[in-house]
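model06.cif, holding mmCIF, C-alpha atoms and all ligand atoms:
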```cif
data_model
loop_
_atom_site.group_PDB
_atom_site.id
_atom_site.type_symbol
_atom_site.label_atom_id
_atom_site.label_comp_id
_atom_site.auth_asym_id
_atom_site.auth_seq_id
_atom_site.Cartn_x
_atom_site.Cartn_y
_atom_site.Cartn_z
ATOM 1 C CA MET A 1 13.752 3.574 -14.879
ATOM 2 C CA GLY A 2 11.197 4.716 -12.291
ATOM 3 C CA ILE A 3 11.480 4.759 -8.532
ATOM 4 C CA MET A 4 9.338 1.618 -8.152
ATOM 5 C CA ALA A 5 11.164 -0.441 -10.817
ATOM 6 C CA TYR A 6 13.444 -2.171 -8.289
ATOM 7 C CA PHE A 7 10.360 -3.694 -6.621
ATOM 8 C CA LYS A 8 8.482 -4.720 -9.755
ATOM 9 C CA ASP A 9 8.964 -8.472 -9.156
ATOM 10 C CA VAL A 10 8.239 -8.206 -5.428
ATOM 11 C CA ILE A 11 4.946 -6.413 -6.121
ATOM 12 C CA ALA A 12 4.022 -8.763 -8.966
ATOM 13 C CA ASP A 13 4.633 -11.859 -6.855
ATOM 14 C CA ALA A 14 2.691 -10.512 -3.850
ATOM 15 C CA VAL A 15 -0.398 -9.488 -5.845
ATOM 16 C CA LYS A 16 -0.581 -12.262 -8.446
ATOM 17 C CA ASP A 17 -3.318 -14.355 -6.740
ATOM 18 C CA ALA A 18 -5.323 -11.441 -5.291
ATOM 19 C CA ARG A 19 -8.957 -10.872 -6.232
ATOM 20 C CA ILE A 20 -9.332 -7.571 -4.333
ATOM 21 C CA ALA A 21 -6.385 -5.208 -3.990
ATOM 22 C CA VAL A 22 -6.153 -1.747 -2.409
ATOM 23 C CA GLU A 23 -3.496 0.858 -3.125
ATOM 24 C CA LEU A 24 -2.937 4.003 -1.019
ATOM 25 C CA GLY A 25 -0.854 6.644 -2.838
ATOM 26 C CA VAL A 26 -1.047 6.721 -6.643
ATOM 27 C CA GLU A 27 0.583 9.971 -7.848
ATOM 28 C CA HIS A 28 1.925 9.245 -11.379
ATOM 29 C CA GLY A 29 0.754 5.639 -11.189
ATOM 30 C CA GLU A 30 3.993 3.703 -11.277
ATOM 31 C CA SER A 31 2.921 1.193 -8.621
ATOM 32 C CA THR A 32 -0.610 1.219 -10.055
ATOM 33 C CA ARG A 33 0.646 0.076 -13.473
ATOM 34 C CA ILE A 34 2.801 -2.673 -11.951
ATOM 35 C CA ILE A 35 -0.148 -3.996 -9.943
ATOM 36 C CA LEU A 36 -2.536 -3.849 -12.917
ATOM 37 C CA ASP A 37 0.010 -5.637 -15.120
ATOM 38 C CA SER A 38 0.471 -8.392 -12.518
ATOM 39 C CA PHE A 39 -3.038 -9.629 -11.710
ATOM 40 C CA ASP A 40 -6.547 -9.786 -13.068
ATOM 41 C CA GLY A 41 -8.501 -8.920 -9.900
ATOM 42 C CA GLU A 42 -10.037 -5.559 -8.978
ATOM 43 C CA LEU A 43 -7.743 -2.732 -7.850
ATOM 44 C CA TYR A 44 -9.163 0.065 -5.671
ATOM 45 C CA SER A 45 -6.732 2.994 -5.480
ATOM 46 C CA TYR A 46 -6.891 6.100 -3.289
ATOM 47 C CA ASP A 47 -5.085 9.414 -3.466
ATOM 48 C CA VAL A 48 -5.922 13.032 -2.647
ATOM 49 C CA GLN A 49 -4.772 14.212 -6.081
ATOM 50 C CA PRO A 50 -6.363 13.647 -9.494
ATOM 51 C CA PRO A 51 -5.524 10.305 -11.121
ATOM 52 C CA PRO A 52 -2.895 9.635 -13.784
ATOM 53 C CA ASP A 53 -4.016 8.719 -17.272
ATOM 54 C CA ILE A 54 -4.606 4.992 -16.806
ATOM 55 C CA GLU A 55 -7.473 3.147 -18.442
ATOM 56 C CA ALA A 56 -8.305 -0.319 -17.170
ATOM 57 C CA PRO A 57 -11.712 -1.877 -16.594
ATOM 58 C CA ASN A 58 -10.556 -3.363 -13.279
ATOM 59 C CA TRP A 59 -9.114 -0.071 -11.931
ATOM 60 C CA HIS A 60 -11.267 1.924 -9.519
ATOM 61 C CA PHE A 61 -9.723 5.248 -8.496
ATOM 62 C CA SER A 62 -11.041 7.593 -5.793
ATOM 63 C CA ASP A 63 -9.540 10.978 -4.951
ATOM 64 C CA CYS A 64 -11.035 11.020 -1.445
ATOM 65 C CA GLY A 65 -7.845 9.725 0.224
ATOM 66 C CA GLY A 66 -7.323 6.688 2.407
ATOM 67 C CA VAL A 67 -9.283 7.852 5.464
ATOM 68 C CA ILE A 68 -12.583 8.582 3.730
ATOM 69 C CA GLY A 69 -11.966 5.587 1.472
ATOM 70 C CA TYR A 70 -11.727 3.412 4.566
ATOM 71 C CA GLU A 71 -14.928 4.862 6.036
ATOM 72 C CA ARG A 72 -16.746 4.010 2.795
ATOM 73 C CA TRP A 73 -15.223 0.580 2.312
ATOM 74 C CA GLY A 74 -17.618 -1.555 4.369
ATOM 75 C CA ASN A 75 -16.920 -5.114 5.501
ATOM 76 C CA LYS A 76 -15.295 -6.654 2.404
ATOM 77 C CA LYS A 77 -11.968 -8.365 3.086
ATOM 78 C CA ILE A 78 -9.025 -7.535 0.860
ATOM 79 C CA ASP A 79 -6.265 -9.834 -0.391
ATOM 80 C CA PHE A 80 -3.483 -7.341 -1.041
ATOM 81 C CA LEU A 81 -2.634 -3.862 0.286
ATOM 82 C CA PHE A 82 -0.021 -1.513 -1.168
ATOM 83 C CA VAL A 83 0.901 1.641 0.799
ATOM 84 C CA ASP A 84 3.007 4.565 -0.454
ATOM 85 C CA THR A 85 1.521 7.773 0.968
ATOM 86 C CA ASP A 86 3.230 11.072 1.705
ATOM 87 C CA PRO A 87 4.451 12.159 4.155
ATOM 88 C CA HIS A 88 5.349 8.569 5.142
ATOM 89 C CA SER A 89 5.143 9.545 8.805
ATOM 90 C CA TYR A 90 5.006 7.228 11.812
ATOM 91 C CA GLU A 91 1.486 8.418 12.714
ATOM 92 C CA GLN A 92 0.074 8.059 9.199
ATOM 93 C CA THR A 93 1.578 4.576 8.824
ATOM 94 C CA TYR A 94 0.234 3.424 12.191
ATOM 95 C CA LEU A 95 -3.213 4.701 11.165
ATOM 96 C CA TRP A 96 -3.113 2.588 7.974
ATOM 97 C CA CYS A 97 -2.068 -0.401 10.129
ATOM 98 C CA LEU A 98 -5.037 0.046 12.470
ATOM 99 C CA THR A 99 -7.488 0.554 9.626
ATOM 100 C CA TRP A 100 -6.610 -0.848 6.186
ATOM 101 C CA PHE A 101 -4.273 -3.610 7.413
ATOM 102 C CA LYS A 102 -7.187 -4.939 9.504
ATOM 103 C CA LYS A 103 -9.243 -5.244 6.302
ATOM 104 C CA LEU A 104 -6.796 -7.840 4.979
ATOM 105 C CA LYS A 105 -7.902 -11.450 5.110
ATOM 106 C CA VAL A 106 -5.786 -13.728 7.306
ATOM 107 C CA GLY A 107 -2.766 -14.548 5.164
ATOM 108 C CA GLY A 108 -3.229 -11.359 3.130
ATOM 109 C CA ILE A 109 -0.081 -9.493 2.096
ATOM 110 C CA SER A 110 0.684 -5.809 2.540
ATOM 111 C CA LEU A 111 3.615 -3.912 1.025
ATOM 112 C CA TRP A 112 4.899 -0.622 2.447
ATOM 113 C CA HIS A 113 7.241 1.491 0.357
ATOM 114 C CA ASP A 114 10.053 3.703 1.695
ATOM 115 C CA THR A 115 10.940 1.756 4.841
ATOM 116 C CA SER A 116 14.635 2.636 4.464
ATOM 117 C CA LEU A 117 13.987 6.382 4.794
ATOM 118 C CA VAL A 118 13.983 7.377 8.458
ATOM 119 C CA ARG A 119 14.313 11.049 9.290
ATOM 120 C CA LYS A 120 12.275 13.753 11.018
ATOM 121 C CA GLY A 121 8.646 13.249 10.049
ATOM 122 C CA VAL A 122 9.349 10.109 7.977
ATOM 123 C CA ASN A 123 9.234 6.717 9.707
ATOM 124 C CA VAL A 124 7.237 3.974 8.028
ATOM 125 C CA ARG A 125 9.686 1.412 9.399
ATOM 126 C CA GLY A 126 9.261 2.396 13.065
ATOM 127 C CA ALA A 127 5.476 2.301 12.850
ATOM 128 C CA LEU A 128 5.495 -1.181 11.275
ATOM 129 C CA LEU A 129 7.945 -2.497 13.880
ATOM 130 C CA ASP A 130 5.799 -1.151 16.732
ATOM 131 C CA PHE A 131 2.558 -2.440 15.188
ATOM 132 C CA ALA A 132 4.003 -5.922 14.654
ATOM 133 C CA LYS A 133 5.056 -6.063 18.323
ATOM 134 C CA TYR A 134 1.439 -5.864 19.482
ATOM 135 C CA HIS A 135 -0.490 -7.520 16.652
ATOM 136 C CA LYS A 136 -0.273 -10.877 14.924
ATOM 137 C CA ALA A 137 1.659 -9.893 11.840
ATOM 138 C CA ASP A 138 4.675 -11.363 10.103
ATOM 139 C CA LEU A 139 6.966 -8.462 9.181
ATOM 140 C CA LYS A 140 10.135 -8.344 7.146
ATOM 141 C CA PHE A 141 11.999 -5.693 5.208
ATOM 142 C CA ILE A 142 13.856 -5.495 1.937
ATOM 143 C CA ASP A 143 16.421 -2.800 2.608
ATOM 144 C CA GLU A 144 17.673 -2.145 -0.922
ATOM 145 C CA ASP A 145 16.649 0.927 -2.865
ATOM 146 C CA PHE A 146 14.194 3.003 -0.759
ATOM 147 C CA GLY A 147 13.103 -0.091 1.137
ATOM 148 C CA MET A 148 9.930 -2.150 1.237
ATOM 149 C CA GLY A 149 8.141 -3.575 4.269
ATOM 150 C CA ILE A 150 6.268 -6.846 3.752
ATOM 151 C CA MET A 151 3.672 -7.529 6.444
ATOM 152 C CA ILE A 152 1.348 -10.536 6.360
ATOM 153 C CA ARG A 153 -1.763 -10.727 8.523
ATOM 154 C CA GLU A 154 -1.596 -13.747 10.847
ATOM 155 C CA ASP A 155 -4.939 -13.654 12.699
HETATM 156 C C1 LIG B 201 5.214 8.877 -3.339
HETATM 157 S S1 LIG B 201 3.633 9.284 -3.993
HETATM 158 C C2 LIG B 201 2.993 7.744 -4.558
HETATM 159 C C3 LIG B 201 3.776 7.175 -5.693
HETATM 160 C C4 LIG B 201 3.101 5.992 -6.355
HETATM 161 N N1 LIG B 201 2.920 4.892 -5.450
HETATM 162 C C5 LIG B 201 3.885 5.523 -7.552
HETATM 163 O O1 LIG B 201 4.450 4.413 -7.545
HETATM 164 O O2 LIG B 201 3.930 6.277 -8.540
HETATM 165 C C6 LIG B 201 2.723 9.606 -2.552
HETATM 166 C C7 LIG B 201 1.260 9.942 -2.777
HETATM 167 O O3 LIG B 201 0.552 9.854 -1.538
HETATM 168 C C8 LIG B 201 -0.582 10.660 -1.676
HETATM 169 N N2 LIG B 201 -1.290 10.820 -0.398
HETATM 170 C C9 LIG B 201 -1.009 11.667 0.614
HETATM 171 N N3 LIG B 201 -1.918 11.535 1.607
HETATM 172 C C10 LIG B 201 -2.774 10.552 1.215
HETATM 173 C C11 LIG B 201 -3.931 9.952 1.791
HETATM 174 N N4 LIG B 201 -4.382 10.334 2.978
HETATM 175 N N5 LIG B 201 -4.566 8.974 1.104
HETATM 176 C C12 LIG B 201 -4.101 8.579 -0.111
HETATM 177 N N6 LIG B 201 -3.026 9.125 -0.721
HETATM 178 C C13 LIG B 201 -2.374 10.093 -0.065
HETATM 179 C C14 LIG B 201 -0.005 11.927 -2.306
HETATM 180 O O4 LIG B 201 -1.004 12.735 -2.871
HETATM 181 C C15 LIG B 201 0.985 11.345 -3.320
HETATM 182 O O5 LIG B 201 0.412 11.261 -4.596
#
```
Would you give me this structure, written as structure tokens?
Amino acid sequence: MGIMAYFKDVIADAVKDARIAVELGVEHGESTRIILDSFDGELYSYDVQPPPDIEAPNWHFSDCGGVIGYERWGNKKIDFLFVDTDPHSYEQTYLWCLTWFKKLKVGGISLWHDTSLVRKGVNVRGALLDFAKYHKADLKFIDEDFGMGIMIRED
């Protein structure tokens, strides 16, 4: 059983109606496969490493990373965002909130893996809590396993 298996149903339910989905952090492709198995929209995935061996006509992988990917994205709104990027720091997470989260349509769902791990240099949870204080976003956490943040755009 892989590290993402605990959240298979959570991911599947959140992405099922999406037409355009974005994933940050692919590595071996565990979350990628779950997303691709759970919807028939287009998935745009970003990492800074080469892609795993996944063939799907609706999978669009770029190895430019999430920052350059964002700069190239343009104005299209997205329906679903999945984030699981090393090093899972506060600063990196807040950057994804200020950039990719803002690309979500109102009502769009984002999932953030590893919210239960808080230690030096790792704090996805703290960044989401701070972001949700100052922006219209509905935030909750599932604390089992490594944790998952669920943040919905409200405006
Ligand atoms: C924990 S792994 C992702 C695991 C993957 N979600 C899965 O379920 O198999 C974290 C990944 O984040 C990637 N990463 C680090 N910085 C990144 C960035 N700026 N943009 C996109 N991916 C990044 C790393 O290369 C690594 O592959």
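Omitting Met148 (chain A) and its sequence neighbours fewer than 2 positions away, and counting all atoms listed in the file, the residues within 7 Å are A:Leu111, A:Trp112, A:His113, A:Asp114, A:Thr115, A:Phe141, A:Ile142, A:Asp143, A:Phe146, A:Ile150.
Closest approach to ligand LIG 201 (chain B) among A:Leu95, A:Ala14, A:Met151, A:Ile20 is made by A:Leu95 (distances from only C-alpha atoms and all ligand atoms).
For the set A:Asn75, A:Thr32, A:Thr85, A:Ser62, the residue with the smallest atom-to-atom gap to ligand LIG 201 (chain B) is A:Thr85, counting only C-alpha atoms and all ligand atoms.
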Exercise for the section: Can you tell me which residues come within 6 Å of ligand LIG 201 (chain B) when counting only C-alpha atoms and all ligand atoms, ideally as number ranges by chain? Expected result: A: 4, 24-31, 46-49, 65-66, 84-86
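All residues of protein, DNA or RNA that reach within 10 Å of Lys76 (chain A), judged by only C-alpha atoms and not counting those fewer than 3 positions away in the chain, are A:Ile20, A:Trp73, A:Asp79, A:Lys103, A:Leu104, A:Lys105.
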Problem - Expected selection from the PyMOL selection byres (((chain A and resi 43) around 7) and not hetatm), given as a ChimeraX atom specification - result: /A:20-22,41-42,44-45,58-60
Problem - Selection: 9 Å around Val67 (chain A), only C-alpha atoms, excl. self and same-chain fewer than 2 positions, as a PyMOL selection string - result: chain A and resi 64-65+69-72+95-96+99
Exercise for the section: Could you check how far CA of Asn123 (chain A) sits from CA of Phe61 (chain A), in Å to one decimal? Expected result: 26.3 Å
Exercise for the section: Can you turn the PyMOL selection byres (((chain A and resi 17) around 12) and not hetatm) into a concrete residue list for this file, as a ChimeraX atom specification? Expected result: /A:11-16,18-21,35,38-42,78-80,107-109
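Closest approach to Tyr90 (chain A) from the set A:Val118, A:Ile54, A:Ala5, A:Val10 is made by A:Val118, with distances taken over all atoms listed in the file.
Candidate residues A:Ser110, A:Glu91, A:Leu117, A:Pro52 were compared for distance to Lys140 (chain A), and the nearest is A:Ser110, using only C-alpha atoms.
The coordinates place CA of Tyr134 (chain A) at 16.2 Å from CA of Val106 (chain A).
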Practice task
Output the residue selection produced by the PyMOL selection byres (((chain A and resi 121) around 6) and not hetatm) on the file above, formatted as an MDAnalysis selection string.
Solution key: chainID A and resid 89 120 122
Residue rebuild result region 49-61 of chain A, N, CA and C atoms as an mmCIF file, keeping the file's coordinate frame:
```cif
data_model
loop_
_atom_site.group_PDB
_atom_site.id
_atom_site.type_symbol
_atom_site.label_atom_id
_atom_site.label_comp_id
_atom_site.auth_asym_id
_atom_site.auth_seq_id
_atom_site.Cartn_x
_atom_site.Cartn_y
_atom_site.Cartn_z
ATOM 1 N N GLN A 49 -5.022 13.449 -4.851
ATOM 2 C CA GLN A 49 -4.772 14.212 -6.081
ATOM 3 C C GLN A 49 -5.519 13.539 -7.232
ATOM 4 N N PRO A 50 -5.713 14.269 -8.334
ATOM 5 C CA PRO A 50 -6.363 13.647 -9.494
ATOM 6 C C PRO A 50 -5.550 12.456 -10.012
ATOM 7 N N PRO A 51 -6.208 11.533 -10.689
ATOM 8 C CA PRO A 51 -5.524 10.305 -11.121
ATOM 9 C C PRO A 51 -4.641 10.511 -12.342
ATOM 10 N N PRO A 52 -3.658 9.642 -12.528
ATOM 11 C CA PRO A 52 -2.895 9.635 -13.784
ATOM 12 C C PRO A 52 -3.771 9.067 -14.897
ATOM 13 N N ASP A 53 -3.261 9.152 -16.102
ATOM 14 C CA ASP A 53 -4.016 8.719 -17.272
ATOM 15 C C ASP A 53 -3.868 7.204 -17.454
ATOM 16 N N ILE A 54 -4.647 6.460 -16.710
ATOM 17 C CA ILE A 54 -4.606 4.992 -16.806
ATOM 18 C C ILE A 54 -6.023 4.525 -17.088
ATOM 19 N N GLU A 55 -6.151 3.707 -18.114
ATOM 20 C CA GLU A 55 -7.473 3.147 -18.442
ATOM 21 C C GLU A 55 -7.399 1.648 -18.243
ATOM 22 N N ALA A 56 -8.218 1.138 -17.346
ATOM 23 C CA ALA A 56 -8.305 -0.319 -17.170
ATOM 24 C C ALA A 56 -9.666 -0.607 -16.555
ATOM 25 N N PRO A 57 -10.369 -1.595 -17.093
ATOM 26 C CA PRO A 57 -11.712 -1.877 -16.594
ATOM 27 C C PRO A 57 -11.725 -2.332 -15.136
ATOM 28 N N ASN A 58 -10.603 -2.877 -14.666
ATOM 29 C CA ASN A 58 -10.556 -3.363 -13.279
ATOM 30 C C ASN A 58 -9.883 -2.363 -12.338
ATOM 31 N N TRP A 59 -9.725 -1.093 -12.789
ATOM 32 C CA TRP A 59 -9.114 -0.071 -11.931
ATOM 33 C C TRP A 59 -10.174 0.893 -11.453
ATOM 34 N N HIS A 60 -10.249 1.071 -10.135
ATOM 35 C CA HIS A 60 -11.267 1.924 -9.519
ATOM 36 C C HIS A 60 -10.544 2.968 -8.678
ATOM 37 N N PHE A 61 -10.462 4.189 -9.183
ATOM 38 C CA PHE A 61 -9.723 5.248 -8.496
ATOM 39 C C PHE A 61 -10.681 6.182 -7.757
#
```
